[in-house]
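Have a look at work-v6.txt; it's compact mmCIF, C-alpha atoms and all ligand atoms:
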# COMPACT_ATOMS: atom_id res chain seq x y z
CA MET Y 29 34.35 0.37 -12.77
CA ARG Y 30 32.12 2.80 -10.82
CA VAL Y 31 29.18 4.18 -12.79
CA LEU Y 32 26.78 7.06 -12.15
CA VAL Y 33 23.46 7.07 -14.05
CA ILE Y 34 21.58 10.36 -14.40
CA GLY Y 35 17.78 10.15 -14.51
CA SER Y 36 14.86 8.73 -12.58
CA GLY Y 37 12.58 6.65 -14.82
CA ALA Y 38 12.10 3.01 -15.75
CA ARG Y 39 14.74 3.47 -18.46
CA GLU Y 40 17.29 4.46 -15.79
CA HIS Y 41 16.14 1.59 -13.57
CA ALA Y 42 16.80 -0.77 -16.50
CA LEU Y 43 20.24 0.79 -17.08
CA CYS Y 44 21.11 0.44 -13.37
CA HIS Y 45 19.79 -3.14 -13.25
CA HIS Y 46 21.87 -4.29 -16.21
CA LEU Y 47 24.96 -2.33 -15.11
CA SER Y 48 24.71 -4.01 -11.70
CA GLU Y 49 24.88 -7.42 -13.43
CA ASP Y 50 28.10 -6.54 -15.30
CA PRO Y 51 31.02 -8.17 -13.41
CA SER Y 52 33.30 -5.26 -14.37
CA VAL Y 53 30.98 -2.78 -12.62
CA THR Y 54 31.72 -2.53 -8.91
CA GLU Y 55 29.37 0.32 -7.95
CA VAL Y 56 26.20 1.72 -9.50
CA HIS Y 57 25.01 5.16 -8.42
CA VAL Y 58 21.97 7.03 -9.70
CA SER Y 59 20.74 10.61 -9.39
CA PRO Y 60 18.01 11.59 -8.80
CA GLY Y 61 16.80 7.99 -9.19
CA ASN Y 62 13.66 6.73 -7.46
CA PRO Y 63 13.09 4.62 -4.35
CA GLY Y 64 12.20 1.57 -6.45
CA MET Y 65 15.83 1.30 -7.65
CA THR Y 66 17.61 1.00 -4.34
CA ALA Y 67 18.29 -2.72 -4.68
CA VAL Y 68 20.55 -2.14 -7.69
CA ALA Y 69 21.91 1.38 -7.22
CA THR Y 70 22.76 3.90 -4.52
CA VAL Y 71 20.35 6.79 -4.92
CA HIS Y 72 21.70 10.36 -4.65
CA ASP Y 73 20.43 13.80 -5.40
CA GLY Y 74 22.75 16.59 -6.35
CA ASP Y 75 24.69 18.34 -9.06
CA PRO Y 76 25.85 15.57 -11.44
CA VAL Y 77 29.34 17.02 -12.00
CA ALA Y 78 29.98 17.43 -8.27
CA LEU Y 79 28.55 13.97 -7.59
CA ALA Y 80 30.72 12.37 -10.28
CA ARG Y 81 33.79 14.00 -8.76
CA ASP Y 82 32.88 13.23 -5.13
CA LEU Y 83 32.02 9.60 -5.88
CA GLY Y 84 35.12 9.20 -8.07
CA VAL Y 85 33.11 7.44 -10.77
CA ASP Y 86 34.75 6.17 -13.95
CA LEU Y 87 31.72 6.65 -16.17
CA VAL Y 88 28.54 8.76 -16.19
CA VAL Y 89 25.56 7.59 -18.27
CA VAL Y 90 23.05 10.35 -18.96
CA GLY Y 91 19.51 9.02 -19.50
CA PRO Y 92 17.21 11.93 -20.42
CA GLU Y 93 17.51 14.46 -23.24
CA VAL Y 94 17.09 17.71 -21.33
CA PRO Y 95 20.46 17.64 -19.49
CA LEU Y 96 22.17 16.55 -22.71
CA VAL Y 97 20.66 19.42 -24.69
CA ASP Y 98 21.67 21.72 -21.82
CA GLY Y 99 25.31 20.62 -22.07
CA LEU Y 100 25.77 18.21 -19.14
CA ALA Y 101 28.02 15.89 -21.19
CA ASP Y 102 30.26 18.86 -22.08
CA ASP Y 103 30.48 19.92 -18.42
CA LEU Y 104 31.39 16.39 -17.35
CA ARG Y 105 34.05 16.06 -20.07
CA GLU Y 106 35.51 19.42 -19.09
CA ALA Y 107 35.72 18.10 -15.51
CA GLY Y 108 37.67 15.10 -16.81
CA VAL Y 109 34.83 12.57 -16.37
CA ARG Y 110 34.09 9.95 -19.05
CA VAL Y 111 30.49 10.19 -20.18
CA PHE Y 112 28.05 8.22 -22.29
CA GLY Y 113 26.01 10.89 -24.03
CA PRO Y 114 26.45 13.50 -26.74
CA SER Y 115 27.67 17.10 -26.50
CA ALA Y 116 25.08 19.87 -26.55
CA ALA Y 117 26.03 20.57 -30.17
CA ALA Y 118 25.29 16.97 -31.18
CA ALA Y 119 22.18 16.69 -28.96
CA ARG Y 120 20.54 19.30 -31.23
CA ILE Y 121 19.61 16.30 -33.38
CA GLU Y 122 16.79 15.90 -30.81
CA GLY Y 123 16.63 19.39 -29.30
CA SER Y 124 15.88 21.17 -32.56
CA LYS Y 125 13.70 19.48 -35.15
CA ALA Y 126 14.85 22.13 -37.67
CA PHE Y 127 18.53 21.22 -37.03
CA ALA Y 128 17.70 17.52 -37.53
CA LYS Y 129 15.90 18.24 -40.81
CA ASP Y 130 18.89 20.23 -42.06
CA VAL Y 131 21.36 17.42 -41.24
CA MET Y 132 19.07 14.85 -42.90
CA ALA Y 133 18.62 16.97 -46.02
CA ARG Y 134 22.38 17.30 -46.46
CA ALA Y 135 22.96 13.61 -45.67
CA GLY Y 136 20.32 12.58 -48.24
CA VAL Y 137 18.15 10.79 -45.66
CA ARG Y 138 14.43 10.22 -46.33
CA THR Y 139 12.16 12.07 -43.94
CA ALA Y 140 8.84 13.92 -43.85
CA ARG Y 141 8.51 17.27 -45.66
CA ALA Y 142 8.44 19.95 -42.99
CA GLU Y 143 7.85 23.65 -42.53
CA GLN Y 144 8.67 25.66 -39.42
CA VAL Y 145 6.05 28.21 -38.34
CA LEU Y 146 7.15 30.89 -35.87
CA PRO Y 147 4.85 32.37 -33.22
CA GLY Y 148 2.82 35.14 -34.87
CA GLU Y 149 2.93 33.48 -38.31
CA ASP Y 150 -0.07 31.72 -39.89
CA ALA Y 151 0.28 27.94 -40.16
CA PRO Y 152 -0.12 26.79 -43.80
CA LEU Y 153 -2.38 23.84 -42.92
CA ASP Y 154 -3.69 23.72 -46.50
CA ARG Y 155 -0.31 22.53 -47.71
CA PHE Y 156 -0.53 19.52 -45.35
CA GLY Y 157 -3.26 17.01 -44.42
CA PRO Y 158 -5.57 15.13 -44.64
CA THR Y 159 -3.56 13.84 -41.68
CA TRP Y 160 -1.76 16.70 -39.92
CA VAL Y 161 1.41 16.22 -37.90
CA VAL Y 162 1.95 19.24 -35.65
CA LYS Y 163 5.13 19.26 -33.52
CA ASP Y 164 6.44 21.52 -30.82
CA ASP Y 165 9.90 22.43 -32.18
CA GLY Y 166 11.52 21.94 -28.82
CA LEU Y 167 11.78 19.25 -26.23
CA ALA Y 168 8.47 17.72 -25.33
CA GLY Y 169 9.35 14.12 -24.49
CA GLY Y 170 7.13 12.78 -27.26
CA LYS Y 171 4.12 14.58 -25.81
CA GLY Y 172 4.45 17.69 -28.00
CA VAL Y 173 3.24 15.97 -31.14
CA VAL Y 174 -0.34 15.87 -32.33
CA VAL Y 175 -1.21 13.59 -35.25
CA THR Y 176 -4.80 14.15 -36.32
CA THR Y 177 -7.27 14.12 -39.19
CA ASP Y 178 -9.26 16.83 -37.39
CA ARG Y 179 -8.19 20.22 -38.73
CA ALA Y 180 -9.60 22.05 -35.69
CA GLU Y 181 -7.43 19.91 -33.41
CA ALA Y 182 -4.37 20.70 -35.57
CA GLU Y 183 -5.17 24.44 -35.37
CA ALA Y 184 -5.62 24.23 -31.60
CA HIS Y 185 -2.22 22.57 -31.15
CA VAL Y 186 -0.53 25.22 -33.33
CA ALA Y 187 -2.11 27.89 -31.12
CA ALA Y 188 -1.05 26.12 -27.89
CA VAL Y 189 2.59 25.71 -29.00
CA HIS Y 190 2.75 29.32 -30.18
CA ALA Y 191 1.16 30.51 -26.93
CA ALA Y 192 4.03 28.76 -25.10
CA GLY Y 193 6.44 30.84 -27.23
CA ASN Y 194 7.75 27.91 -29.31
CA PRO Y 195 7.91 27.46 -33.08
CA VAL Y 196 5.71 24.78 -34.64
CA LEU Y 197 6.91 22.22 -37.14
CA LEU Y 198 4.25 21.06 -39.62
CA GLU Y 199 5.13 17.75 -41.25
CA SER Y 200 3.72 15.54 -43.97
CA PHE Y 201 2.32 12.31 -42.52
CA LEU Y 202 4.52 9.23 -42.99
CA ASP Y 203 2.54 6.07 -43.52
CA GLY Y 204 3.68 2.60 -42.47
CA PRO Y 205 4.51 0.78 -39.25
CA GLU Y 206 6.84 2.53 -36.83
CA VAL Y 207 10.29 1.23 -35.93
CA SER Y 208 12.63 2.45 -33.21
CA LEU Y 209 16.25 1.58 -33.92
CA PHE Y 210 18.77 2.51 -31.24
CA CYS Y 211 22.37 2.73 -32.41
CA LEU Y 212 25.55 3.13 -30.42
CA VAL Y 213 27.40 5.88 -32.26
CA ASP Y 214 31.00 7.00 -31.79
CA GLY Y 215 31.77 9.52 -34.53
CA GLY Y 216 31.44 7.55 -37.78
CA THR Y 217 31.14 4.14 -36.08
CA VAL Y 218 27.57 2.81 -35.80
CA VAL Y 219 26.49 -0.36 -33.95
CA PRO Y 220 22.74 -1.08 -34.00
CA LEU Y 221 20.84 -2.66 -31.10
CA LEU Y 222 17.71 -4.76 -31.73
CA PRO Y 223 14.82 -3.00 -33.50
CA ALA Y 224 11.77 -2.27 -31.34
CA GLN Y 225 8.29 -0.81 -31.63
CA ASP Y 226 6.77 1.66 -29.17
CA HIS Y 227 3.03 2.20 -28.57
CA LYS Y 228 2.64 5.93 -28.07
CA ARG Y 229 -1.12 6.42 -27.78
CA VAL Y 230 -2.69 6.01 -24.37
CA GLY Y 231 -5.56 3.79 -25.49
CA GLU Y 232 -5.89 0.31 -26.97
CA GLY Y 233 -6.14 0.22 -30.75
CA ASP Y 234 -3.87 3.30 -30.88
CA THR Y 235 -6.55 5.68 -29.66
CA GLY Y 236 -6.41 8.76 -27.45
CA PRO Y 237 -3.60 11.26 -26.93
CA ASN Y 238 0.10 10.62 -27.40
CA THR Y 239 2.06 9.71 -24.28
CA GLY Y 240 5.71 9.12 -23.45
CA GLY Y 241 5.05 5.47 -24.48
CA MET Y 242 2.73 2.79 -23.08
CA GLY Y 243 4.64 -0.35 -24.06
CA ALA Y 244 7.12 -1.81 -26.52
CA TYR Y 245 8.46 -5.09 -27.87
CA THR Y 246 11.60 -6.35 -29.59
CA PRO Y 247 12.66 -7.65 -32.07
CA LEU Y 248 10.11 -7.08 -34.87
CA PRO Y 249 9.02 -10.32 -36.57
CA TRP Y 250 7.53 -8.39 -39.49
CA LEU Y 251 10.63 -6.34 -40.35
CA PRO Y 252 12.40 -7.46 -43.56
CA GLU Y 253 15.52 -9.51 -42.87
CA ASP Y 254 17.79 -6.71 -44.10
CA GLY Y 255 15.69 -4.07 -42.26
CA VAL Y 256 18.23 -3.15 -39.57
CA GLN Y 257 21.09 -3.01 -42.08
CA ARG Y 258 19.02 -0.79 -44.38
CA ILE Y 259 18.26 1.62 -41.54
CA VAL Y 260 21.96 1.76 -40.65
CA ASP Y 261 23.08 2.20 -44.27
CA GLU Y 262 20.33 4.57 -45.43
CA VAL Y 263 19.69 6.58 -42.27
CA VAL Y 264 21.97 6.36 -39.24
CA ALA Y 265 25.42 6.02 -40.83
CA PRO Y 266 24.88 8.92 -43.29
CA VAL Y 267 23.66 11.15 -40.43
CA ALA Y 268 26.59 10.13 -38.19
CA ARG Y 269 29.05 10.90 -41.01
CA GLN Y 270 27.36 14.22 -41.72
CA MET Y 271 27.65 15.23 -38.06
CA VAL Y 272 31.37 14.37 -38.09
CA GLU Y 273 31.77 16.47 -41.25
CA ASP Y 274 29.83 19.35 -39.64
CA GLY Y 275 32.18 19.37 -36.64
CA CYS Y 276 29.63 18.04 -34.12
CA PRO Y 277 30.34 14.29 -33.98
CA PHE Y 278 27.78 12.24 -32.07
CA SER Y 279 28.89 10.07 -29.14
CA GLY Y 280 26.29 8.04 -27.29
CA LEU Y 281 22.96 6.55 -28.29
CA LEU Y 282 21.36 7.81 -31.48
CA TYR Y 283 17.71 6.80 -31.62
CA ALA Y 284 16.12 6.71 -35.06
CA GLY Y 285 12.31 6.82 -34.95
CA LEU Y 286 11.13 5.65 -38.37
CA ALA Y 287 8.11 4.75 -40.42
CA TRP Y 288 8.62 1.84 -42.81
CA GLY Y 289 6.78 2.93 -45.94
CA ALA Y 290 6.66 1.77 -49.54
CA GLU Y 291 10.22 2.97 -50.20
CA GLY Y 292 11.63 1.60 -46.95
CA PRO Y 293 12.61 3.53 -43.81
CA SER Y 294 11.82 7.25 -43.44
CA VAL Y 295 12.75 9.26 -40.37
CA VAL Y 296 9.97 10.51 -38.10
CA GLU Y 297 12.44 11.89 -35.55
CA PHE Y 298 15.85 11.44 -34.01
CA ASN Y 299 16.50 11.32 -30.28
CA CYS Y 300 19.88 11.74 -28.62
CA ARG Y 301 19.40 9.11 -25.88
CA PHE Y 302 17.90 5.71 -25.09
CA GLY Y 303 14.16 5.60 -25.77
CA ASP Y 304 11.63 4.83 -23.09
CA PRO Y 305 9.98 2.24 -22.92
CA GLU Y 306 11.80 0.42 -25.78
CA THR Y 307 15.10 0.35 -23.85
CA GLN Y 308 13.56 -1.72 -21.08
CA ALA Y 309 12.71 -4.47 -23.61
CA VAL Y 310 15.90 -4.18 -25.69
CA LEU Y 311 18.26 -4.41 -22.70
CA ALA Y 312 16.38 -7.48 -21.43
CA LEU Y 313 17.81 -9.39 -24.42
CA LEU Y 314 21.37 -7.99 -24.38
CA ARG Y 315 23.78 -10.70 -23.28
CA THR Y 316 26.98 -8.63 -23.60
CA PRO Y 317 27.67 -6.90 -20.25
CA LEU Y 318 26.30 -3.36 -20.51
CA GLY Y 319 29.02 -1.43 -18.65
CA GLY Y 320 31.74 -2.45 -21.10
CA VAL Y 321 29.54 -1.51 -24.05
CA LEU Y 322 28.71 1.98 -22.77
CA ASP Y 323 32.30 2.56 -21.67
CA ALA Y 324 33.60 1.62 -25.15
CA VAL Y 325 31.45 4.38 -26.65
CA ALA Y 326 32.38 6.89 -23.95
CA SER Y 327 36.09 6.30 -24.42
CA GLY Y 328 36.03 6.37 -28.25
CA ARG Y 329 36.67 2.61 -28.60
CA LEU Y 330 33.38 1.47 -30.15
CA ALA Y 331 35.10 0.27 -33.34
CA GLU Y 332 37.15 -2.19 -31.21
CA LEU Y 333 34.13 -3.67 -29.39
CA PRO Y 334 33.43 -7.33 -30.35
CA PRO Y 335 29.98 -7.90 -31.92
CA LEU Y 336 27.14 -7.61 -29.41
CA GLU Y 337 25.57 -10.87 -28.23
CA TRP Y 338 21.82 -11.24 -27.80
CA GLU Y 339 19.47 -13.77 -26.21
CA ASP Y 340 17.21 -15.56 -28.68
CA GLY Y 341 13.51 -14.80 -28.47
CA TYR Y 342 11.51 -11.70 -27.63
CA ALA Y 343 11.02 -9.16 -24.89
CA LEU Y 344 8.04 -7.00 -24.15
CA THR Y 345 7.40 -4.18 -21.75
CA VAL Y 346 4.06 -2.80 -20.60
CA VAL Y 347 3.69 0.52 -18.80
CA LEU Y 348 1.37 0.96 -15.83
CA ALA Y 349 0.17 4.56 -15.73
CA ALA Y 350 -1.49 6.39 -12.87
CA GLU Y 351 -5.16 7.34 -12.95
CA GLY Y 352 -5.75 10.30 -15.27
CA TYR Y 353 -2.46 10.00 -17.21
CA PRO Y 354 -1.59 11.71 -19.54
CA ALA Y 355 -4.04 14.59 -18.97
CA SER Y 356 -3.81 14.93 -15.19
CA THR Y 357 -2.39 12.37 -12.88
CA VAL Y 358 -3.69 11.10 -9.55
CA THR Y 359 -0.81 10.22 -7.21
CA GLY Y 360 -0.53 8.35 -3.94
CA GLY Y 361 -2.00 4.92 -4.65
CA VAL Y 362 -0.07 2.04 -3.12
CA VAL Y 363 1.86 0.10 -5.72
CA PHE Y 364 3.72 -2.38 -3.56
CA GLY Y 365 3.49 -3.25 0.08
CA GLY Y 366 6.98 -4.81 -0.27
CA GLY Y 367 8.57 -1.40 -0.39
CA PRO Y 368 11.97 -0.08 -1.38
CA GLY Y 369 15.18 -2.02 -0.91
CA ARG Y 370 14.44 -5.00 -3.09
CA GLU Y 371 13.61 -5.52 -6.73
CA HIS Y 372 10.33 -7.07 -7.76
CA ASP Y 373 11.01 -9.63 -10.50
CA GLY Y 374 10.24 -8.21 -13.92
CA VAL Y 375 9.25 -4.79 -12.57
CA LEU Y 376 11.05 -1.53 -13.24
CA ALA Y 377 10.03 1.47 -11.19
CA ALA Y 378 9.48 4.95 -12.60
CA GLY Y 379 6.99 7.35 -10.99
CA VAL Y 380 7.12 6.02 -7.44
CA ALA Y 381 7.82 7.52 -4.02
CA ALA Y 382 8.52 5.85 -0.68
CA ASP Y 383 5.83 6.05 1.97
CA GLY Y 384 7.25 4.24 4.97
CA ASP Y 385 7.96 0.74 3.77
CA ARG Y 386 5.58 1.03 0.84
CA LEU Y 387 6.00 2.36 -2.68
CA VAL Y 388 3.26 4.71 -3.85
CA ALA Y 389 2.55 6.21 -7.26
CA SER Y 390 4.06 9.67 -7.64
CA GLY Y 391 3.98 10.27 -11.38
CA GLY Y 392 2.32 9.56 -14.71
CA ARG Y 393 4.06 6.41 -15.82
CA VAL Y 394 4.43 4.51 -12.56
CA LEU Y 395 6.24 1.32 -13.52
CA ASN Y 396 7.03 -1.11 -16.33
CA VAL Y 397 6.68 -4.87 -16.34
CA ILE Y 398 9.00 -6.92 -18.54
CA GLY Y 399 8.36 -10.36 -20.02
CA THR Y 400 10.73 -12.42 -22.14
CA GLY Y 401 10.06 -15.64 -24.01
CA ALA Y 402 10.97 -17.85 -26.94
CA THR Y 403 8.01 -16.37 -28.83
CA LEU Y 404 6.34 -13.00 -28.71
CA GLU Y 405 3.17 -14.68 -27.37
CA GLU Y 406 5.18 -16.14 -24.49
CA ALA Y 407 6.79 -12.77 -23.73
CA ARG Y 408 3.31 -11.20 -23.71
CA GLU Y 409 1.92 -13.83 -21.38
CA ARG Y 410 4.79 -13.34 -18.93
CA ALA Y 411 4.55 -9.54 -18.96
CA TYR Y 412 0.77 -9.49 -18.47
CA GLY Y 413 1.08 -12.20 -15.79
CA ILE Y 414 3.33 -9.86 -13.80
CA MET Y 415 1.05 -6.89 -14.46
CA ASP Y 416 -1.90 -8.82 -13.05
CA SER Y 417 0.00 -9.17 -9.75
CA VAL Y 418 0.47 -5.41 -9.39
CA THR Y 419 -2.31 -3.30 -7.97
CA LEU Y 420 -2.74 0.43 -8.33
CA PRO Y 421 -6.16 1.95 -7.71
CA GLY Y 422 -7.25 3.73 -10.89
CA GLY Y 423 -4.07 2.65 -12.68
CA HIS Y 424 -4.35 1.72 -16.35
CA PHE Y 425 -2.32 -0.06 -19.01
CA ARG Y 426 -2.79 -1.26 -22.57
CA ARG Y 427 -3.68 -4.92 -23.05
CA ASP Y 428 -2.71 -4.86 -26.74
CA ILE Y 429 1.07 -4.33 -26.66
CA ALA Y 430 2.50 -6.32 -29.62
CA ALA Y 431 -0.97 -7.73 -30.39
CA GLY Y 432 -0.75 -6.53 -34.02
CA ALA Y 433 2.57 -8.33 -34.51
CA VAL Y 434 1.36 -11.55 -32.84
CA GLU Y 435 -1.79 -11.57 -34.97
CA GLY Y 436 0.15 -10.90 -38.18
CA ARG Y 437 -1.59 -7.56 -38.78
CA ILE Y 438 1.60 -5.57 -39.47
CA HIS Y 439 2.89 -5.55 -43.03
CA VAL Y 440 5.58 -3.62 -44.82
N1 LIG N 501 9.86 6.00 -27.08
C1 LIG N 501 9.65 7.39 -27.12
C2 LIG N 501 10.73 8.19 -26.56
O1 LIG N 501 11.58 7.70 -25.86
O2 LIG N 501 10.75 9.39 -26.80
Written form, structure tokens:
Amino acid sequence: MRVLVIGSGAREHALCHHLSEDPSVTEVHVSPGNPGMTAVATVHDGDPVALARDLGVDLVVVGPEVPLVDGLADDLREAGVRVFGPSAAAARIEGSKAFAKDVMARAGVRTARAEQVLPGEDAPLDRFGPTWVVKDDGLAGGKGVVVTTDRAEAEAHVAAVHAAGNPVLLESFLDGPEVSLFCLVDGGTVVPLLPAQDHKRVGEGDTGPNTGGMGAYTPLPWLPEDGVQRIVDEVVAPVARQMVEDGCPFSGLLYAGLAWGAEGPSVVEFNCRFGDPETQAVLALLRTPLGGVLDAVASGRLAELPPLEWEDGYALTVVLAAEGYPASTVTGGVVFGGGPGREHDGVLAAGVAADGDRLVASGGRVLNVIGTGATLEEARERAYGIMDSVTLPGGHFRRDIAAGAVEGRIHV
């Protein structure tokens, strides 16, 4: 099977890496990719539909949300190409927070109370707080959300989103530890992957602004034993069924971002694609060859797929960000002297560019390191051991990924 992956981050590097290890996958292509992936995929740049046709691929896997919301999966299907990723109609579950709230309300799924505020309207901040959750009701890659106890900061974010011409979504704050559960979904069929936890704030101790994610670990030792099944039964399956009933069935990866509160799981948000950086940790433990799994979803055969097999133990990923991220990013520092063309064990490249035979930082989140181990402590030690061998002037990362779980500080 020949596969084309669309995207350029560490998530796509992880997808390419695991696809390249699947014996049924003969070729892995990626577009636009990055020069840190060349050991596992052929990097292209061009229109995805034309590329898929020219390369004669059997399957396209779309990584990021923007092309999905813009209808890339529909275009590929119309061109007769099998694709892992939802239609534009189904991708609204991420593209429009208001659409997602409406589906959840009709499916009876627990989520935050929300009000949409259009540009020009006054935001009813009095009806929310003392912790305000202010979202850009559009695509912002996780960076359009401000969670704050400072009313002035909430007001400023409302003004900024409105100034950009977008509606704001005000939400009640959901208390409790966060869980990311990724599910393969093919119409009404739902197969969960391992539960993971992201660390969205830039600073240790969950301080500073939200980012695209600074690290993640899987599975979650503190989650109740029936936690994954409850999320499937109470959240993902009802939403998948509702979307079938509404005539926009979901096909691909449905990502439930949840808070586990006193009543169990409540939805913070849905995404229509693999999450970054959780995917990098989750796929590190998947024993079932990835190509066959994604192809089963793309060809409507998920219900026939044998149960997924997983390695025992834990996986952890830590993100190395460039100086200044997320506010303003300094590029150009040398990351590896080893350069493109080979993989560095336990390293997935994201914001890197080739400079001769070196890789240099070209974007906010530069790379991920991955550690696995029989215990979460061991996975942490491995990941941070790799991180200590990487140098990037001014680069920064969080030292406390999974620390709360290891120290038993997370309770539900
Ligand atoms: N883990 C956050 C995201 O993928 O949006």
Test item: residues no farther than 8 Å from ligand LIG 501 (chain N), counting all atoms listed in the file, as number ranges by chain: Y: 169-170, 208, 226-228, 240-241, 299, 301-306
Export of prior selection with C-alpha atoms as a short mmCIF file (atom, residue, chain, number, x, y, z; two decimals), in the frame of the given file:
data_model
loop_
_atom_site.label_atom_id
_atom_site.label_comp_id
_atom_site.auth_asym_id
_atom_site.auth_seq_id
_atom_site.Cartn_x
_atom_site.Cartn_y
_atom_site.Cartn_z
CA GLY Y 169 9.35 14.12 -24.49
CA GLY Y 170 7.13 12.78 -27.26
CA SER Y 208 12.63 2.45 -33.21
CA ASP Y 226 6.77 1.66 -29.17
CA HIS Y 227 3.03 2.20 -28.57
CA LYS Y 228 2.64 5.93 -28.07
CA GLY Y 240 5.71 9.12 -23.45
CA GLY Y 241 5.05 5.47 -24.48
CA ASN Y 299 16.50 11.32 -30.28
CA ARG Y 301 19.40 9.11 -25.88
CA PHE Y 302 17.90 5.71 -25.09
CA GLY Y 303 14.16 5.60 -25.77
CA ASP Y 304 11.63 4.83 -23.09
CA PRO Y 305 9.98 2.24 -22.92
CA GLU Y 306 11.80 0.42 -25.78
#
Axis-aligned box for range 155-164 of chain Y, 6 Å per side, centre and edges in Å as lines of an AutoDock Vina configuration file:
center_x = 0.4
center_y = 18.2
center_z = -39.3
size_x = 24.0
size_y = 20.7
size_z = 28.9
One-decimal distance in Å that lies between CA of Pro223 in chain Y and CA of Pro252 in chain Y: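 Going from CA of Pro252 in chain Y over to CA of Pro223 in chain Y covers 11.3 Å.
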Polymer residues at most 8 Å from range 343-360 of chain Y, all atoms listed in the file, same-chain spacing of 2 or more positions, as a PDB file with C-alpha atoms, in the frame of the given file:
ATOM      1  CA  VAL Y 230      -2.690   6.010 -24.370  1.00  0.00           C
ATOM      2  CA  PRO Y 237      -3.600  11.260 -26.930  1.00  0.00           C
ATOM      3  CA  THR Y 239       2.060   9.710 -24.280  1.00  0.00           C
ATOM      4  CA  GLY Y 241       5.050   5.470 -24.480  1.00  0.00           C
ATOM      5  CA  MET Y 242       2.730   2.790 -23.080  1.00  0.00           C
ATOM      6  CA  GLY Y 243       4.640  -0.350 -24.060  1.00  0.00           C
ATOM      7  CA  ALA Y 244       7.120  -1.810 -26.520  1.00  0.00           C
ATOM      8  CA  TYR Y 245       8.460  -5.090 -27.870  1.00  0.00           C
ATOM      9  CA  THR Y 246      11.600  -6.350 -29.590  1.00  0.00           C
ATOM     10  CA  PRO Y 247      12.660  -7.650 -32.070  1.00  0.00           C
ATOM     11  CA  PRO Y 305       9.980   2.240 -22.920  1.00  0.00           C
ATOM     12  CA  GLU Y 306      11.800   0.420 -25.780  1.00  0.00           C
ATOM     13  CA  GLN Y 308      13.560  -1.720 -21.080  1.00  0.00           C
ATOM     14  CA  ALA Y 309      12.710  -4.470 -23.610  1.00  0.00           C
ATOM     15  CA  VAL Y 310      15.900  -4.180 -25.690  1.00  0.00           C
ATOM     16  CA  ALA Y 312      16.380  -7.480 -21.430  1.00  0.00           C
ATOM     17  CA  LEU Y 313      17.810  -9.390 -24.420  1.00  0.00           C
ATOM     18  CA  GLY Y 341      13.510 -14.800 -28.470  1.00  0.00           C
ATOM     19  CA  VAL Y 362      -0.070   2.040  -3.120  1.00  0.00           C
ATOM     20  CA  VAL Y 388       3.260   4.710  -3.850  1.00  0.00           C
ATOM     21  CA  ALA Y 389       2.550   6.210  -7.260  1.00  0.00           C
ATOM     22  CA  SER Y 390       4.060   9.670  -7.640  1.00  0.00           C
ATOM     23  CA  GLY Y 391       3.980  10.270 -11.380  1.00  0.00           C
ATOM     24  CA  GLY Y 392       2.320   9.560 -14.710  1.00  0.00           C
ATOM     25  CA  ARG Y 393       4.060   6.410 -15.820  1.00  0.00           C
ATOM     26  CA  VAL Y 394       4.430   4.510 -12.560  1.00  0.00           C
ATOM     27  CA  LEU Y 395       6.240   1.320 -13.520  1.00  0.00           C
ATOM     28  CA  ASN Y 396       7.030  -1.110 -16.330  1.00  0.00           C
ATOM     29  CA  VAL Y 397       6.680  -4.870 -16.340  1.00  0.00           C
ATOM     30  CA  ILE Y 398       9.000  -6.920 -18.540  1.00  0.00           C
ATOM     31  CA  GLY Y 399       8.360 -10.360 -20.020  1.00  0.00           C
ATOM     32  CA  THR Y 400      10.730 -12.420 -22.140  1.00  0.00           C
ATOM     33  CA  GLY Y 401      10.060 -15.640 -24.010  1.00  0.00           C
ATOM     34  CA  LEU Y 404       6.340 -13.000 -28.710  1.00  0.00           C
ATOM     35  CA  ALA Y 407       6.790 -12.770 -23.730  1.00  0.00           C
ATOM     36  CA  ARG Y 408       3.310 -11.200 -23.710  1.00  0.00           C
ATOM     37  CA  ALA Y 411       4.550  -9.540 -18.960  1.00  0.00           C
ATOM     38  CA  TYR Y 412       0.770  -9.490 -18.470  1.00  0.00           C
ATOM     39  CA  MET Y 415       1.050  -6.890 -14.460  1.00  0.00           C
ATOM     40  CA  LEU Y 420      -2.740   0.430  -8.330  1.00  0.00           C
ATOM     41  CA  PRO Y 421      -6.160   1.950  -7.710  1.00  0.00           C
ATOM     42  CA  GLY Y 422      -7.250   3.730 -10.890  1.00  0.00           C
ATOM     43  CA  GLY Y 423      -4.070   2.650 -12.680  1.00  0.00           C
ATOM     44  CA  HIS Y 424      -4.350   1.720 -16.350  1.00  0.00           C
ATOM     45  CA  PHE Y 425      -2.320  -0.060 -19.010  1.00  0.00           C
ATOM     46  CA  ARG Y 426      -2.790  -1.260 -22.570  1.00  0.00           C
ATOM     47  CA  ILE Y 429       1.070  -4.330 -26.660  1.00  0.00           C
ATOM     48  CA  ALA Y 430       2.500  -6.320 -29.620  1.00  0.00           C
TER      49      ALA Y 430
END
Nearest to Ser327 in chain Y, chosen from Y:Glu183, Y:Pro147, Y:Pro293, Y:Ser279, with only C-alpha atoms counted in the distances: Y:Ser279
Please identify every residue of range 205-315 of chain Y that has at least one atom no farther than 10 Å from an atom of range 106-114 of chain Y, counting all atoms listed in the file, and for each give the shortest atom pair and the distance in Å to one decimal, arranged by chain then increasing number, as CSV.
residue,atom,partner,partner_atom,distance
Y:Leu212,CA,Y:Phe112,CA,9.9
Y:Val213,CA,Y:Pro114,CA,9.5
Y:Asp214,CA,Y:Pro114,CA,9.4
Y:Cys276,CA,Y:Pro114,CA,9.2
Y:Pro277,CA,Y:Pro114,CA,8.3
Y:Phe278,CA,Y:Pro114,CA,5.6
Y:Ser279,CA,Y:Pro114,CA,4.8
Y:Gly280,CA,Y:Gly113,CA,4.3
Y:Leu281,CA,Y:Gly113,CA,6.8
Y:Leu282,CA,Y:Pro114,CA,9.0
Y:Cys300,CA,Y:Pro114,CA,7.1
Y:Arg301,CA,Y:Gly113,CA,7.1
Y:Phe302,CA,Y:Gly113,CA,9.7
